[in-house]
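For reference, target28.txt (compact mmCIF, C-alpha atoms):
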# COMPACT_ATOMS: atom_id res chain seq x y z
CA MET A 1 0.00 0.00 0.00
CA ASN A 2 1.14 3.53 -0.72
CA PRO A 3 1.46 5.17 2.74
CA ALA A 4 0.39 8.51 1.27
CA ALA A 5 -3.02 7.01 0.57
CA GLY A 6 -3.73 6.76 4.29
CA THR A 7 -1.96 9.70 5.89
CA LEU A 8 -2.40 9.54 9.64
CA GLY A 9 -1.55 13.09 10.61
CA ASP A 10 1.64 14.86 11.58
CA ASN A 11 1.85 14.03 15.32
CA ALA A 12 4.91 11.80 14.94
CA ARG A 13 5.64 9.47 17.88
CA VAL A 14 2.70 10.62 19.96
CA PRO A 15 0.61 7.60 21.05
CA VAL A 16 -2.83 7.34 19.50
CA ILE A 17 -5.95 5.24 20.05
CA ALA A 18 -7.06 3.30 16.97
CA LEU A 19 -10.67 2.46 16.12
CA ILE A 20 -11.16 -0.74 14.09
CA ASP A 21 -13.99 -3.01 12.89
CA GLY A 22 -14.60 -6.59 11.80
CA GLU A 23 -15.81 -5.72 8.31
CA HIS A 24 -12.16 -5.35 7.23
CA HIS A 25 -10.05 -8.46 6.84
CA PRO A 26 -7.90 -8.91 9.98
CA ALA A 27 -4.69 -8.97 7.94
CA ALA A 28 -5.46 -5.54 6.47
CA VAL A 29 -6.26 -4.12 9.89
CA SER A 30 -3.18 -5.68 11.48
CA ASP A 31 -0.92 -4.18 8.82
CA ALA A 32 -2.48 -0.74 9.34
CA LEU A 33 -2.14 -1.04 13.12
CA SER A 34 1.51 -2.01 12.75
CA ARG A 35 2.15 1.10 10.68
CA VAL A 36 0.35 3.30 13.18
CA ALA A 37 2.33 1.74 16.03
CA ARG A 38 5.59 2.23 14.15
CA GLU A 39 4.94 5.81 13.10
CA ARG A 40 2.93 7.13 16.03
CA GLY A 41 2.84 4.64 18.86
CA LEU A 42 -0.36 2.93 20.03
CA ALA A 43 -2.06 3.82 23.29
CA GLY A 44 -4.77 1.26 22.61
CA VAL A 45 -7.03 -0.40 20.06
CA VAL A 46 -10.83 -0.19 20.22
CA PHE A 47 -13.06 -2.64 18.36
CA CYS A 48 -16.29 -0.97 17.20
CA GLY A 49 -18.18 -4.03 15.95
CA GLY A 50 -18.75 -6.09 12.81
CA GLU A 51 -17.93 -9.76 12.24
CA GLU A 52 -18.14 -10.38 8.50
CA LYS A 53 -14.46 -11.22 8.07
CA LEU A 54 -13.53 -12.37 11.59
CA PRO A 55 -12.63 -15.95 12.49
CA ASP A 56 -14.17 -17.41 15.63
CA ARG A 57 -11.28 -16.59 17.95
CA PRO A 58 -10.61 -13.99 20.66
CA LEU A 59 -9.87 -10.53 19.24
CA GLU A 60 -6.49 -10.43 20.99
CA GLU A 61 -5.45 -13.54 19.06
CA ILE A 62 -6.81 -12.21 15.77
CA TYR A 63 -5.01 -8.86 15.96
CA GLY A 64 -2.02 -9.89 18.04
CA ARG A 65 -2.47 -7.14 20.64
CA PRO A 66 -4.90 -6.10 23.41
CA VAL A 67 -8.28 -4.92 22.07
CA GLU A 68 -11.02 -3.02 23.90
CA GLN A 69 -14.65 -3.65 22.89
CA ASP A 70 -16.77 -0.83 24.37
CA PRO A 71 -15.87 2.30 22.35
CA GLY A 72 -17.20 4.85 24.82
CA GLU A 73 -15.76 3.29 27.94
CA ALA A 74 -12.52 2.42 26.14
CA LEU A 75 -11.90 5.98 25.00
CA ARG A 76 -12.48 7.28 28.51
CA ARG A 77 -10.08 4.74 29.98
CA LEU A 78 -7.37 5.11 27.33
CA ALA A 79 -7.52 8.91 26.94
CA PRO A 80 -4.88 9.75 29.59
CA GLY A 81 -2.28 7.77 27.64
CA GLY A 82 -3.12 9.07 24.17
CA ASP A 83 -3.07 12.26 22.16
CA ALA A 84 -5.45 11.42 19.31
CA VAL A 85 -8.01 8.97 18.00
CA VAL A 86 -7.23 7.48 14.59
CA ASP A 87 -10.36 6.07 12.98
CA LEU A 88 -9.64 2.99 10.84
CA ALA A 89 -13.27 1.77 10.92
CA ASP A 90 -15.91 2.33 8.27
CA GLU A 91 -19.53 1.76 7.32
CA PRO A 92 -21.67 -0.13 8.05
CA VAL A 93 -20.20 -0.45 11.55
CA LEU A 94 -19.38 3.24 11.90
CA GLY A 95 -21.42 5.47 9.64
CA PRO A 96 -20.96 9.26 9.53
CA SER A 97 -23.21 10.00 12.51
CA ALA A 98 -21.62 7.29 14.66
CA LYS A 99 -18.15 8.54 13.73
CA LEU A 100 -19.03 12.09 14.70
CA ARG A 101 -20.46 11.00 18.04
CA LEU A 102 -17.22 9.22 18.85
CA ALA A 103 -15.37 12.30 17.60
CA ALA A 104 -17.41 14.43 20.03
CA LEU A 105 -16.38 12.15 22.89
CA ALA A 106 -12.75 12.25 21.78
CA LEU A 107 -12.77 16.06 21.72
CA HIS A 108 -14.43 16.16 25.14
CA LEU A 109 -11.60 13.98 26.44
CA GLY A 110 -9.04 16.37 24.97
CA LEU A 111 -8.11 14.06 22.09
CA ARG A 112 -7.64 14.96 18.47
CA TYR A 113 -9.87 12.99 16.08
CA GLU A 114 -8.41 11.84 12.75
CA ALA A 115 -10.21 10.07 9.91
CA PRO A 116 -9.44 10.05 6.18
CA GLY A 117 -10.19 13.56 4.97
CA LEU A 118 -11.09 14.87 8.43
CA VAL A 119 -9.06 16.15 11.37
CA LEU A 120 -10.75 17.72 14.40
CA ASP A 121 -8.73 19.37 17.16
CA PRO A 122 -10.24 19.86 20.62
CA PRO A 123 -11.15 23.51 21.23
CA ARG A 124 -8.82 25.40 23.55
CA TYR A 125 -10.03 27.30 26.59
CA PRO A 126 -7.34 29.68 27.89
CA SER A 127 -7.54 30.70 31.53
CA ILE A 128 -8.17 34.31 32.50
CA ASP A 129 -6.93 36.31 35.45
CA PHE A 130 -10.09 36.53 37.53
CA PRO A 131 -10.45 35.16 41.08
CA GLY A 132 -14.23 34.90 41.23
CA PRO A 133 -16.67 32.31 39.88
CA LYS A 134 -16.82 31.92 36.10
CA LEU A 135 -19.94 30.36 34.59
CA ALA A 136 -20.86 29.74 30.94
CA VAL A 137 -24.24 29.53 29.22
CA VAL A 138 -24.01 27.71 25.87
CA ALA A 139 -26.41 25.84 23.61
CA THR A 140 -26.66 23.36 20.77
CA GLY A 141 -27.87 26.05 18.35
CA LYS A 142 -29.42 29.43 17.69
CA ARG A 143 -32.70 30.71 19.20
CA THR A 144 -32.56 28.41 22.20
CA GLY A 145 -32.78 30.99 24.99
CA LYS A 146 -29.14 31.56 25.92
CA THR A 147 -29.60 35.29 26.42
CA ALA A 148 -32.75 34.77 28.46
CA LEU A 149 -31.00 32.18 30.64
CA ALA A 150 -27.86 34.28 31.07
CA GLY A 151 -29.95 37.26 32.13
CA HIS A 152 -32.09 35.15 34.45
CA LEU A 153 -28.98 33.63 36.02
CA ALA A 154 -27.51 37.10 36.52
CA GLY A 155 -30.70 38.14 38.31
CA LEU A 156 -30.54 35.12 40.63
CA LEU A 157 -26.91 35.95 41.44
CA ALA A 158 -27.49 39.66 42.03
CA GLU A 159 -25.76 39.50 45.42
CA ASP A 160 -22.61 38.32 43.63
CA ASP A 161 -22.53 41.51 41.50
CA PRO A 162 -22.38 39.52 38.24
CA LEU A 163 -21.21 40.77 34.87
CA VAL A 164 -22.11 39.08 31.58
CA VAL A 165 -19.54 38.67 28.80
CA CYS A 166 -21.52 38.05 25.65
CA MET A 167 -20.20 37.21 22.19
CA GLY A 168 -22.25 37.55 19.02
CA ARG A 169 -22.10 37.66 15.25
CA GLY A 170 -23.02 41.34 15.37
CA GLY A 171 -20.88 42.28 18.36
CA PRO A 172 -18.46 45.21 18.41
CA ALA A 173 -15.00 45.14 16.82
CA ARG A 174 -13.55 46.03 20.22
CA PRO A 175 -15.26 44.87 23.42
CA VAL A 176 -17.51 47.50 24.97
CA VAL A 177 -19.44 47.82 28.22
CA ALA A 178 -23.22 48.18 28.06
CA GLU A 179 -24.90 49.58 31.15
CA PRO A 180 -28.35 48.66 32.46
CA SER A 181 -29.38 52.28 31.93
CA THR A 182 -29.28 51.83 28.13
CA THR A 183 -32.56 53.05 26.57
CA VAL A 184 -34.39 52.44 23.32
CA ASP A 185 -33.26 55.89 22.18
CA ASP A 186 -29.65 54.82 22.87
CA LEU A 187 -30.24 51.71 20.75
CA ILE A 188 -31.64 53.78 17.90
CA ALA A 189 -28.59 56.05 18.07
CA LEU A 190 -26.34 52.97 17.88
CA SER A 191 -28.27 51.75 14.85
CA GLU A 192 -27.98 55.11 13.14
CA SER A 193 -24.21 54.96 13.69
CA GLY A 194 -24.06 51.69 11.74
CA ALA A 195 -23.72 49.31 14.70
CA HIS A 196 -25.91 46.25 15.27
CA ALA A 197 -28.17 47.63 17.97
CA ALA A 198 -30.01 44.38 18.74
CA SER A 199 -26.94 42.36 19.63
CA ASP A 200 -27.41 39.96 22.53
CA TYR A 201 -25.11 41.92 24.85
CA LEU A 202 -27.49 44.86 24.63
CA GLU A 203 -30.46 42.62 25.43
CA ASP A 204 -28.61 41.42 28.54
CA ALA A 205 -27.98 44.98 29.69
CA VAL A 206 -31.40 46.41 28.89
CA LEU A 207 -33.72 43.54 29.84
CA ALA A 208 -31.76 41.78 32.59
CA GLY A 209 -30.45 45.02 34.07
CA VAL A 210 -26.88 43.73 34.31
CA ARG A 211 -23.58 45.21 33.21
CA THR A 212 -22.49 43.44 30.06
CA VAL A 213 -19.36 43.36 27.95
CA GLY A 214 -20.18 42.89 24.28
CA CYS A 215 -17.80 40.88 22.11
CA ARG A 216 -17.68 39.68 18.51
CA ARG A 217 -17.16 36.27 16.98
CA VAL A 218 -16.96 35.09 13.38
CA GLY A 219 -17.53 31.55 12.14
CA GLY A 220 -18.29 28.41 14.07
CA GLY A 221 -16.50 25.08 14.02
CA LEU A 222 -18.16 21.69 14.34
CA ALA A 223 -17.30 21.56 18.05
CA GLY A 224 -18.27 25.15 18.81
CA ALA A 225 -14.95 26.95 18.35
CA PRO A 226 -15.24 30.32 16.55
CA PHE A 227 -12.93 31.15 13.65
CA GLU A 228 -11.98 34.29 15.56
CA SER A 229 -13.32 36.29 18.47
CA ASN A 230 -12.32 39.05 20.87
CA VAL A 231 -13.74 37.25 23.91
CA LEU A 232 -10.38 37.04 25.68
CA GLU A 233 -10.01 40.81 25.33
CA GLY A 234 -13.58 41.17 26.56
CA ALA A 235 -12.88 38.92 29.53
CA ALA A 236 -9.90 41.07 30.50
CA LEU A 237 -12.08 44.19 30.27
CA ALA A 238 -14.76 42.52 32.39
CA ALA A 239 -12.25 41.44 35.05
CA SER A 240 -10.91 45.01 35.25
CA LEU A 241 -14.36 46.19 36.36
CA ASN A 242 -14.07 44.06 39.53
CA PRO A 243 -17.37 42.16 39.41
CA GLY A 244 -18.05 39.36 41.85
CA CYS A 245 -18.93 36.80 39.19
CA LEU A 246 -18.54 36.43 35.40
CA ILE A 247 -21.17 34.81 33.18
CA PHE A 248 -19.95 33.98 29.68
CA GLU A 249 -22.72 33.73 27.10
CA GLY A 250 -22.23 31.70 23.92
CA SER A 251 -23.45 32.55 20.45
CA GLY A 252 -25.44 30.07 18.36
CA SER A 253 -23.66 26.79 19.03
CA CYS A 254 -20.31 28.55 19.57
CA VAL A 255 -18.73 28.19 23.00
CA PRO A 256 -16.91 31.14 24.60
CA PRO A 257 -13.19 30.30 24.22
CA VAL A 258 -12.25 30.76 27.88
CA GLU A 259 -11.81 28.42 30.82
CA VAL A 260 -14.79 28.48 33.21
CA ASP A 261 -15.71 26.77 36.45
CA ARG A 262 -19.16 25.49 35.46
CA THR A 263 -21.10 25.25 32.19
CA LEU A 264 -24.83 25.23 31.49
CA CYS A 265 -25.91 23.92 28.07
CA ILE A 266 -29.34 24.31 26.48
CA ALA A 267 -30.50 21.54 24.17
CA GLY A 268 -32.63 23.05 21.44
CA ARG A 269 -35.39 21.53 19.37
CA GLY A 270 -34.82 19.83 16.04
CA ASP A 271 -32.77 16.88 14.93
CA PRO A 272 -29.60 16.78 17.06
CA GLU A 273 -26.35 17.08 15.16
CA PRO A 274 -23.90 14.35 16.27
CA LEU A 275 -21.07 16.72 17.16
CA ARG A 276 -23.40 18.79 19.31
CA ASP A 277 -22.94 15.97 21.82
CA TYR A 278 -19.66 17.71 22.63
CA SER A 279 -21.40 20.70 24.22
CA ILE A 280 -23.75 18.41 26.13
CA MET A 281 -20.87 16.28 27.43
CA ARG A 282 -18.90 19.22 28.79
CA ALA A 283 -21.92 20.72 30.57
CA ASP A 284 -22.44 20.50 34.33
CA LEU A 285 -26.15 21.25 33.89
CA VAL A 286 -28.26 20.53 30.80
CA LEU A 287 -31.54 22.33 30.16
CA ALA A 288 -33.89 21.24 27.39
CA HIS A 289 -36.95 22.64 25.68
CA ASP A 290 -40.01 20.41 25.49
CA GLY A 291 -39.56 18.09 22.54
CA ALA A 292 -35.79 18.52 22.41
CA VAL A 293 -33.61 15.41 22.35
CA ALA A 294 -31.57 15.51 25.55
CA PRO A 295 -30.06 13.25 28.23
CA PRO A 296 -32.56 11.82 30.76
CA ALA A 297 -31.17 14.04 33.52
CA ALA A 298 -31.80 17.25 31.56
CA LEU A 299 -34.08 19.76 33.24
CA ARG A 300 -37.02 20.76 31.05
CA PHE A 301 -37.99 24.41 30.77
CA GLU A 302 -39.83 26.87 28.57
CA LEU A 303 -39.59 30.54 27.66
CA ARG A 304 -42.59 32.72 28.42
CA THR A 305 -42.79 35.80 26.26
CA GLU A 306 -44.06 38.85 28.13
CA PRO A 307 -43.87 42.65 27.97
CA ALA A 308 -40.92 44.09 29.90
CA GLU A 309 -43.22 46.80 31.30
CA PRO A 310 -46.97 47.26 31.85
CA LEU A 311 -49.09 48.24 28.84
CA PRO A 312 -52.07 50.62 28.88
CA GLY A 313 -55.37 48.77 28.91
CA ASP A 314 -56.54 50.45 25.70
CA ALA A 315 -53.28 49.98 23.81
CA ARG A 316 -53.44 49.03 20.13
CA VAL A 317 -50.54 46.59 20.04
CA ALA A 318 -48.36 45.25 17.24
CA LEU A 319 -46.14 42.33 18.28
CA PHE A 320 -42.83 41.51 16.59
CA THR A 321 -40.79 38.38 17.44
CA THR A 322 -38.39 35.91 15.88
CA GLY A 323 -40.78 33.02 16.41
CA ALA A 324 -43.01 33.39 19.48
CA GLU A 325 -46.60 33.64 18.27
CA ARG A 326 -48.07 34.91 21.53
CA CYS A 327 -47.15 37.20 24.40
CA GLU A 328 -48.46 36.79 27.96
CA GLY A 329 -51.43 39.06 28.64
CA VAL A 330 -51.42 40.66 25.20
CA GLU A 331 -53.93 40.42 22.34
CA PRO A 332 -52.13 42.17 19.48
CA LEU A 333 -53.94 43.63 16.51
CA VAL A 334 -50.92 42.78 14.37
CA SER A 335 -48.57 39.88 15.05
CA SER A 336 -45.32 39.17 13.20
CA VAL A 337 -42.73 36.41 13.67
CA ASN A 338 -40.51 37.93 10.99
CA LEU A 339 -37.92 39.92 12.94
CA ALA A 340 -35.23 37.83 11.25
CA ARG A 341 -36.88 37.98 7.79
CA ARG A 342 -36.50 41.56 6.69
CA SER A 343 -38.45 41.42 3.45
CA LEU A 344 -41.52 40.00 5.19
CA LEU A 345 -41.01 42.25 8.22
CA SER A 346 -41.31 45.34 6.02
CA GLN A 347 -44.82 44.24 5.04
CA ASP A 348 -45.72 43.60 8.69
CA LEU A 349 -44.60 47.10 9.66
CA ASP A 350 -46.94 48.49 7.01
CA ARG A 351 -49.77 46.42 8.55
CA ALA A 352 -49.01 47.90 11.99
CA VAL A 353 -49.25 51.40 10.55
CA ALA A 354 -52.48 50.59 8.72
CA ALA A 355 -53.98 49.20 11.95
CA ASP A 356 -53.06 52.43 13.78
CA CYS A 357 -51.06 50.52 16.42
CA ASP A 358 -49.71 52.87 19.08
CA ILE A 359 -47.60 50.29 20.98
CA TRP A 360 -45.02 48.31 19.01
CA LEU A 361 -43.97 45.42 21.21
CA THR A 362 -40.76 43.75 20.06
CA GLU A 363 -38.09 41.29 21.05
CA LEU A 364 -34.64 42.89 21.07
CA LYS A 365 -33.28 40.71 18.29
CA ALA A 366 -32.48 40.78 14.59
CA ALA A 367 -34.09 43.87 12.97
CA ALA A 368 -35.82 45.08 16.14
CA VAL A 369 -34.02 48.41 16.26
CA ASP A 370 -33.00 49.34 12.72
CA MET A 371 -36.42 48.47 11.29
CA VAL A 372 -39.04 48.22 14.04
CA ALA A 373 -37.92 50.89 16.53
CA ARG A 374 -36.84 53.40 13.90
CA ARG A 375 -40.10 52.98 11.95
CA ALA A 376 -42.12 53.24 15.18
CA ARG A 377 -40.44 56.52 16.05
CA ALA A 378 -41.16 57.84 12.57
CA GLU A 379 -44.84 56.85 12.94
CA GLY A 380 -45.18 58.27 16.46
CA ALA A 381 -45.68 54.86 18.07
CA ARG A 382 -44.18 53.82 21.41
CA VAL A 383 -41.69 50.93 21.51
CA VAL A 384 -41.92 48.42 24.37
CA LEU A 385 -39.52 45.51 24.60
CA VAL A 386 -40.41 41.87 25.06
CA ARG A 387 -38.75 39.66 27.67
CA ASN A 388 -38.43 35.88 27.34
CA ARG A 389 -38.66 34.56 30.90
CA PRO A 390 -37.32 31.05 31.60
CA VAL A 391 -39.72 28.88 33.59
CA GLY A 392 -39.32 25.27 34.75
CA ASP A 393 -39.81 23.06 37.79
CA GLY A 394 -36.66 23.32 39.89
CA LEU A 395 -34.97 25.68 37.42
CA ASP A 396 -33.90 28.38 39.86
CA GLU A 397 -32.72 25.82 42.41
CA ALA A 398 -30.60 24.10 39.76
CA LEU A 399 -29.06 27.38 38.63
CA LEU A 400 -28.22 28.40 42.18
CA ALA A 401 -26.73 24.97 42.85
CA LEU A 402 -24.51 25.39 39.78
CA ARG A 403 -23.14 28.57 41.31
CA ARG A 404 -22.71 27.01 44.77
CA ASP A 405 -20.73 24.14 43.28
CA VAL A 406 -17.94 26.59 42.46
CA ASP A 407 -17.31 27.38 46.15

I need this file expressed as C-alpha cells, please.
Amino acid sequence: MNPAAGTLGDNARVPVIALIDGEHHPAAVSDALSRVARERGLAGVVFCGGEEKLPDRPLEEIYGRPVEQDPGEALRRLAPGGDAVVDLADEPVLGPSAKLRLAALALHLGLRYEAPGLVLDPPRYPSIDFPGPKLAVVATGKRTGKTALAGHLAGLLAEDDPLVVCMGRGGPARPVVAEPSTTVDDLIALSESGAHAASDYLEDAVLAGVRTVGCRRVGGGLAGAPFESNVLEGAALAASLNPGCLIFEGSGSCVPPVEVDRTLCIAGRGDPEPLRDYSIMRADLVLAHDGAVAPPAALRFELRTEPAEPLPGDARVALFTTGAERCEGVEPLVSSVNLARRSLLSQDLDRAVAADCDIWLTELKAAAVDMVARRARAEGARVVLVRNRPVGDGLDEALLALRRDVD
C-alpha cells in the first residue's frame, strides 16, 4: 500500500488510540495497526463491531495485541495515555453519525480525532486572570434561549454583582461595556451609527439590568470553536471592572473560548447534530426545551414571552418576534414572527401602521431596532420591549446549585 493514501496526521511518535472493525479483513487491519504503532505509537485499540471477516477466535489472538470492545468506555479509559483517536473503521459499523459522536467524545476527552479527509482538534479554553466564579451559558444552536437564561442567572446571582460577557455575530470590533441604563433611544442612536443595535449583549444589559461586555465572533467550528473572536479581550475588560462573578454567554452553538468553572448547556429543538454531543458532554447542567432530544437528567424548561413593562389597557398593540406567536397578557392587533426575515417584516410594519397601532412590542433581536424601533419613532408609536422569561420546575434551584458548586 502507498502510505500517502492513508496519511495519519503529523503528530509523529505521539501515542494514539485506533478504532477498528470486523468488516475489514484482519490482515489488512493488522498491517495498518503495525504502521500506526511504528509511526505514532499505540495507546490502545478499540473494536467498534462487525464480524463479517472475523474468524471465531478472541480478538487479541486475531489482531495480536490487546483490544477493547466498548468504544465509549474504552476511550475514557485510554484517553490519559493518548493524544489522538485514529479512525480505521468504516460503514456499516461506523457510519458518519456514529463517527461524529465518537469524535465528540474524543474532543471532550481532549483528544484529536483523525479520519481520512477529516481532522478535528479539541477547542482550547485559555484561563483568564479573575479570582471569582466563572460560569458559561451555551447551547446546541441558535434561538434556544441563551440570552434569556444568562440574564435570568444574573438576576438570581445579584448579590454576587455579576457581569455578563456576551459574544455575538453582530458584536463590536472592540469589546464594549453596556450599562443597564441603556434606553431604546440609545439603541436607535447605535443603529444610526451603523452598529448592530439588537446584539445579545445589549439585550442582557437592557432587559436583565446587568452590566455586560459585548464581544464579537466570526464563524463556528463543528465543536463550537469560533474562527476568531475578541472574547479574551472582553474577559480582561470585564475582570478590570471588579465584578463578583462572570457569566460567559455563547453565540449560536459557539462556545466562549475561555476556561470556566461550570457550564450550562441548552438543548434546542430539532434533529440533534452528532457533534453537538460535545457541548452536552462538557456541561455540568443541561436544560432542554419540550420536545428537544436531551439526556434523561436534563431539566425541562420553557420561555414565556411577556412585555418588559406594563401596557395601557386600551393599547393598540403590534407584536414583533423571531418566532413566538403569543405574548403573555397581550392580544395584538398585528402579530409578526418575521424579525429575522427583513423582506416579510417590512410588510408587517406596514400592517401595523395601517392598523393604527400605538404600541409596538418587540423582542430585542435581529431587525428590532434598525427596522421596528426606527419605523415606530417615525410613525409616532411607542416601543416596548419583550422579555423571554425562563420557567421550569426546579430551574432556579438548579441554577443556584450550579453557582454554589464553584465554592

Residues within 12 Å of (-44.8, 45.7, 32.9), file coordinates, counting all atoms listed in the file: what are they? Give the list as a PyMOL selection string.
chain A and resi 207+306-313+328-330+361+384-387

Can you pull out every residue within 8 Å of range 340-357 of chain A, counting only C-alpha atoms, but drop anything in the same chain fewer than 6 positions away, and send it as a ChimeraX atom specification?
/A:315-318,322,333-334,365-367,371-372,375,379,381

Two-atom distance - CA of Asp277 in chain A, CA of Ala401 in chain A (Å):
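Calculated distance between CA of Asp277 in chain A and CA of Ala401 in chain A is 23.2 Å.
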
CA of Arg112 in chain A and CA of Met167 in chain A are how many Å apart?
25.8 Å

For Ala173 in chain A, which residue among A:Ser199, A:Ala283, A:Val138, A:Cys215 is the nearest when counting only C-alpha atoms?
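Nearest to Ala173 in chain A: A:Cys215.
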
Using only C-alpha atoms, which residues of range 233-293 of chain A come within 7 Å of range 140-161 of chain A, and what is the closest atom pair for each, with the distance in Å to one decimal? Give it as a tab-separated table, sorted by chain and residue number.
residue	atom	partner	partner_atom	distance
A:Pro243	CA	A:Asp161	CA	5.6
A:Gly244	CA	A:Asp161	CA	5.0
A:Cys245	CA	A:Asp160	CA	6.0
A:Glu249	CA	A:Ala150	CA	6.5
A:Gly252	CA	A:Lys142	CA	4.1
A:Ser253	CA	A:Gly141	CA	4.3
A:Ile266	CA	A:Thr140	CA	6.4
A:Ala267	CA	A:Thr140	CA	5.4
A:Gly268	CA	A:Thr144	CA	5.4
A:Arg276	CA	A:Thr140	CA	5.8
A:Ser279	CA	A:Thr140	CA	6.8

Using Å and a single decimal, report how far CA of Pro180 in chain A sits from CA of Val206 in chain A.
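Atom-to-atom, CA of Val206 in chain A to CA of Pro180 in chain A, that is 5.2 Å.
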
Could you make a table, as a tab-separated table, of the residues of range 263-285 of chain A that have an atom within 9 Å of an atom of range 85-98 of chain A, each with its nearest atom pair and distance in Å to one decimal, counting only C-alpha atoms, in chain and number order?
residue	atom	partner	partner_atom	distance
A:Glu273	CA	A:Ser97	CA	8.2
A:Pro274	CA	A:Ser97	CA	5.8
A:Leu275	CA	A:Ser97	CA	8.4

Between A:Arg374, A:Arg403, A:His108, A:Lys53, which residue has the minimum interatomic distance to Arg124 in chain A, considering all atoms listed in the file?
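Smallest distance to Arg124 in chain A is found for A:His108.
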
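You can rank A:Asp121, A:Asp314, A:Glu73, A:Glu203 by their closest distance to Ala368 in chain A using only C-alpha atoms, and at the top of that list sits A:Glu203.
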
Out of A:Ala292, A:Leu75, A:Val258, A:Ala28, which residue has the shortest atom-to-atom distance to Val231 in chain A when counting all atoms listed in the file?
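Distance minimum relative to Val231 in chain A lands on A:Val258.
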
Extract, using only C-alpha atoms, all DNA, RNA and protein residues at most 7 Å from Ala298 in chain A, discarding same-chain residues fewer than 4 positions from it, and format them as a list of chain:residue names.
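These residues fall inside the cut-off: A:Val286, A:Leu287, A:Ala288, A:Ala294.
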
Smallest atom-to-atom distance to Pro26 in chain A: which of A:Asp200, A:Asp407, A:Glu51, A:Asp358, using all atoms listed in the file?
A:Glu51

Which protein, DNA or RNA residues have an atom at most 12 Å from (-9.0, 7.6, 27.2), counting all atoms listed in the file? List them as an MDAnalysis selection string.
chainID A and resid 15:18 43:46 68 70:85 102 105:112

May I ask you to restore all heavy atoms in range 65-70 of chain A and write the result as a PDB file, in the frame of the given file?
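The result, stored in out-v6.pdb:
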ATOM      1  N   ARG A  65      -2.689  -8.215  19.650  1.00  0.00           N
ATOM      2  CA  ARG A  65      -2.470  -7.140  20.640  1.00  0.00           C
ATOM      3  C   ARG A  65      -3.746  -6.976  21.459  1.00  0.00           C
ATOM      4  O   ARG A  65      -4.832  -7.415  21.025  1.00  0.00           O
ATOM      5  CB  ARG A  65      -2.080  -5.824  19.952  1.00  0.00           C
ATOM      6  CG  ARG A  65      -3.127  -5.284  19.020  1.00  0.00           C
ATOM      7  CD  ARG A  65      -2.666  -4.007  18.296  1.00  0.00           C
ATOM      8  NE  ARG A  65      -1.720  -4.313  17.232  1.00  0.00           N
ATOM      9  CZ  ARG A  65      -0.466  -3.884  17.199  1.00  0.00           C
ATOM     10  NH1 ARG A  65       0.007  -3.156  18.206  1.00  0.00           N
ATOM     11  NH2 ARG A  65       0.312  -4.155  16.171  1.00  0.00           N
ATOM     12  N   PRO A  66      -3.689  -6.322  22.614  1.00  0.00           N
ATOM     13  CA  PRO A  66      -4.900  -6.100  23.410  1.00  0.00           C
ATOM     14  C   PRO A  66      -5.936  -5.269  22.640  1.00  0.00           C
ATOM     15  O   PRO A  66      -5.573  -4.315  21.937  1.00  0.00           O
ATOM     16  CB  PRO A  66      -4.397  -5.336  24.642  1.00  0.00           C
ATOM     17  CG  PRO A  66      -2.942  -5.691  24.726  1.00  0.00           C
ATOM     18  CD  PRO A  66      -2.475  -5.849  23.310  1.00  0.00           C
ATOM     19  N   VAL A  67      -7.199  -5.613  22.776  1.00  0.00           N
ATOM     20  CA  VAL A  67      -8.280  -4.920  22.070  1.00  0.00           C
ATOM     21  C   VAL A  67      -9.425  -4.650  23.032  1.00  0.00           C
ATOM     22  O   VAL A  67      -9.905  -5.561  23.710  1.00  0.00           O
ATOM     23  CB  VAL A  67      -8.789  -5.756  20.867  1.00  0.00           C
ATOM     24  CG1 VAL A  67      -9.938  -5.023  20.157  1.00  0.00           C
ATOM     25  CG2 VAL A  67      -7.660  -6.041  19.883  1.00  0.00           C
ATOM     26  N   GLU A  68      -9.844  -3.401  23.092  1.00  0.00           N
ATOM     27  CA  GLU A  68     -11.020  -3.020  23.900  1.00  0.00           C
ATOM     28  C   GLU A  68     -12.271  -3.169  23.033  1.00  0.00           C
ATOM     29  O   GLU A  68     -12.220  -3.019  21.810  1.00  0.00           O
ATOM     30  CB  GLU A  68     -10.879  -1.560  24.344  1.00  0.00           C
ATOM     31  CG  GLU A  68      -9.609  -1.254  25.104  1.00  0.00           C
ATOM     32  CD  GLU A  68      -9.763  -1.447  26.588  1.00  0.00           C
ATOM     33  OE1 GLU A  68     -10.903  -1.714  27.034  1.00  0.00           O
ATOM     34  OE2 GLU A  68      -8.759  -1.346  27.308  1.00  0.00           O
ATOM     35  N   GLN A  69     -13.451  -3.395  23.690  1.00  0.00           N
ATOM     36  CA  GLN A  69     -14.650  -3.650  22.890  1.00  0.00           C
ATOM     37  C   GLN A  69     -15.811  -2.700  23.159  1.00  0.00           C
ATOM     38  O   GLN A  69     -16.812  -2.771  22.457  1.00  0.00           O
ATOM     39  CB  GLN A  69     -15.109  -5.101  23.111  1.00  0.00           C
ATOM     40  CG  GLN A  69     -14.130  -6.124  22.603  1.00  0.00           C
ATOM     41  CD  GLN A  69     -14.748  -7.510  22.543  1.00  0.00           C
ATOM     42  OE1 GLN A  69     -15.765  -7.715  21.894  1.00  0.00           O
ATOM     43  NE2 GLN A  69     -14.114  -8.465  23.222  1.00  0.00           N
ATOM     44  N   ASP A  70     -15.721  -1.830  24.131  1.00  0.00           N
ATOM     45  CA  ASP A  70     -16.770  -0.830  24.370  1.00  0.00           C
ATOM     46  C   ASP A  70     -16.196   0.532  24.007  1.00  0.00           C
ATOM     47  O   ASP A  70     -15.417   1.106  24.773  1.00  0.00           O
ATOM     48  CB  ASP A  70     -17.202  -0.859  25.836  1.00  0.00           C
ATOM     49  CG  ASP A  70     -18.354   0.093  26.121  1.00  0.00           C
ATOM     50  OD1 ASP A  70     -18.354   1.222  25.586  1.00  0.00           O
ATOM     51  OD2 ASP A  70     -19.264  -0.301  26.876  1.00  0.00           O
TER      52      ASP A  70
END
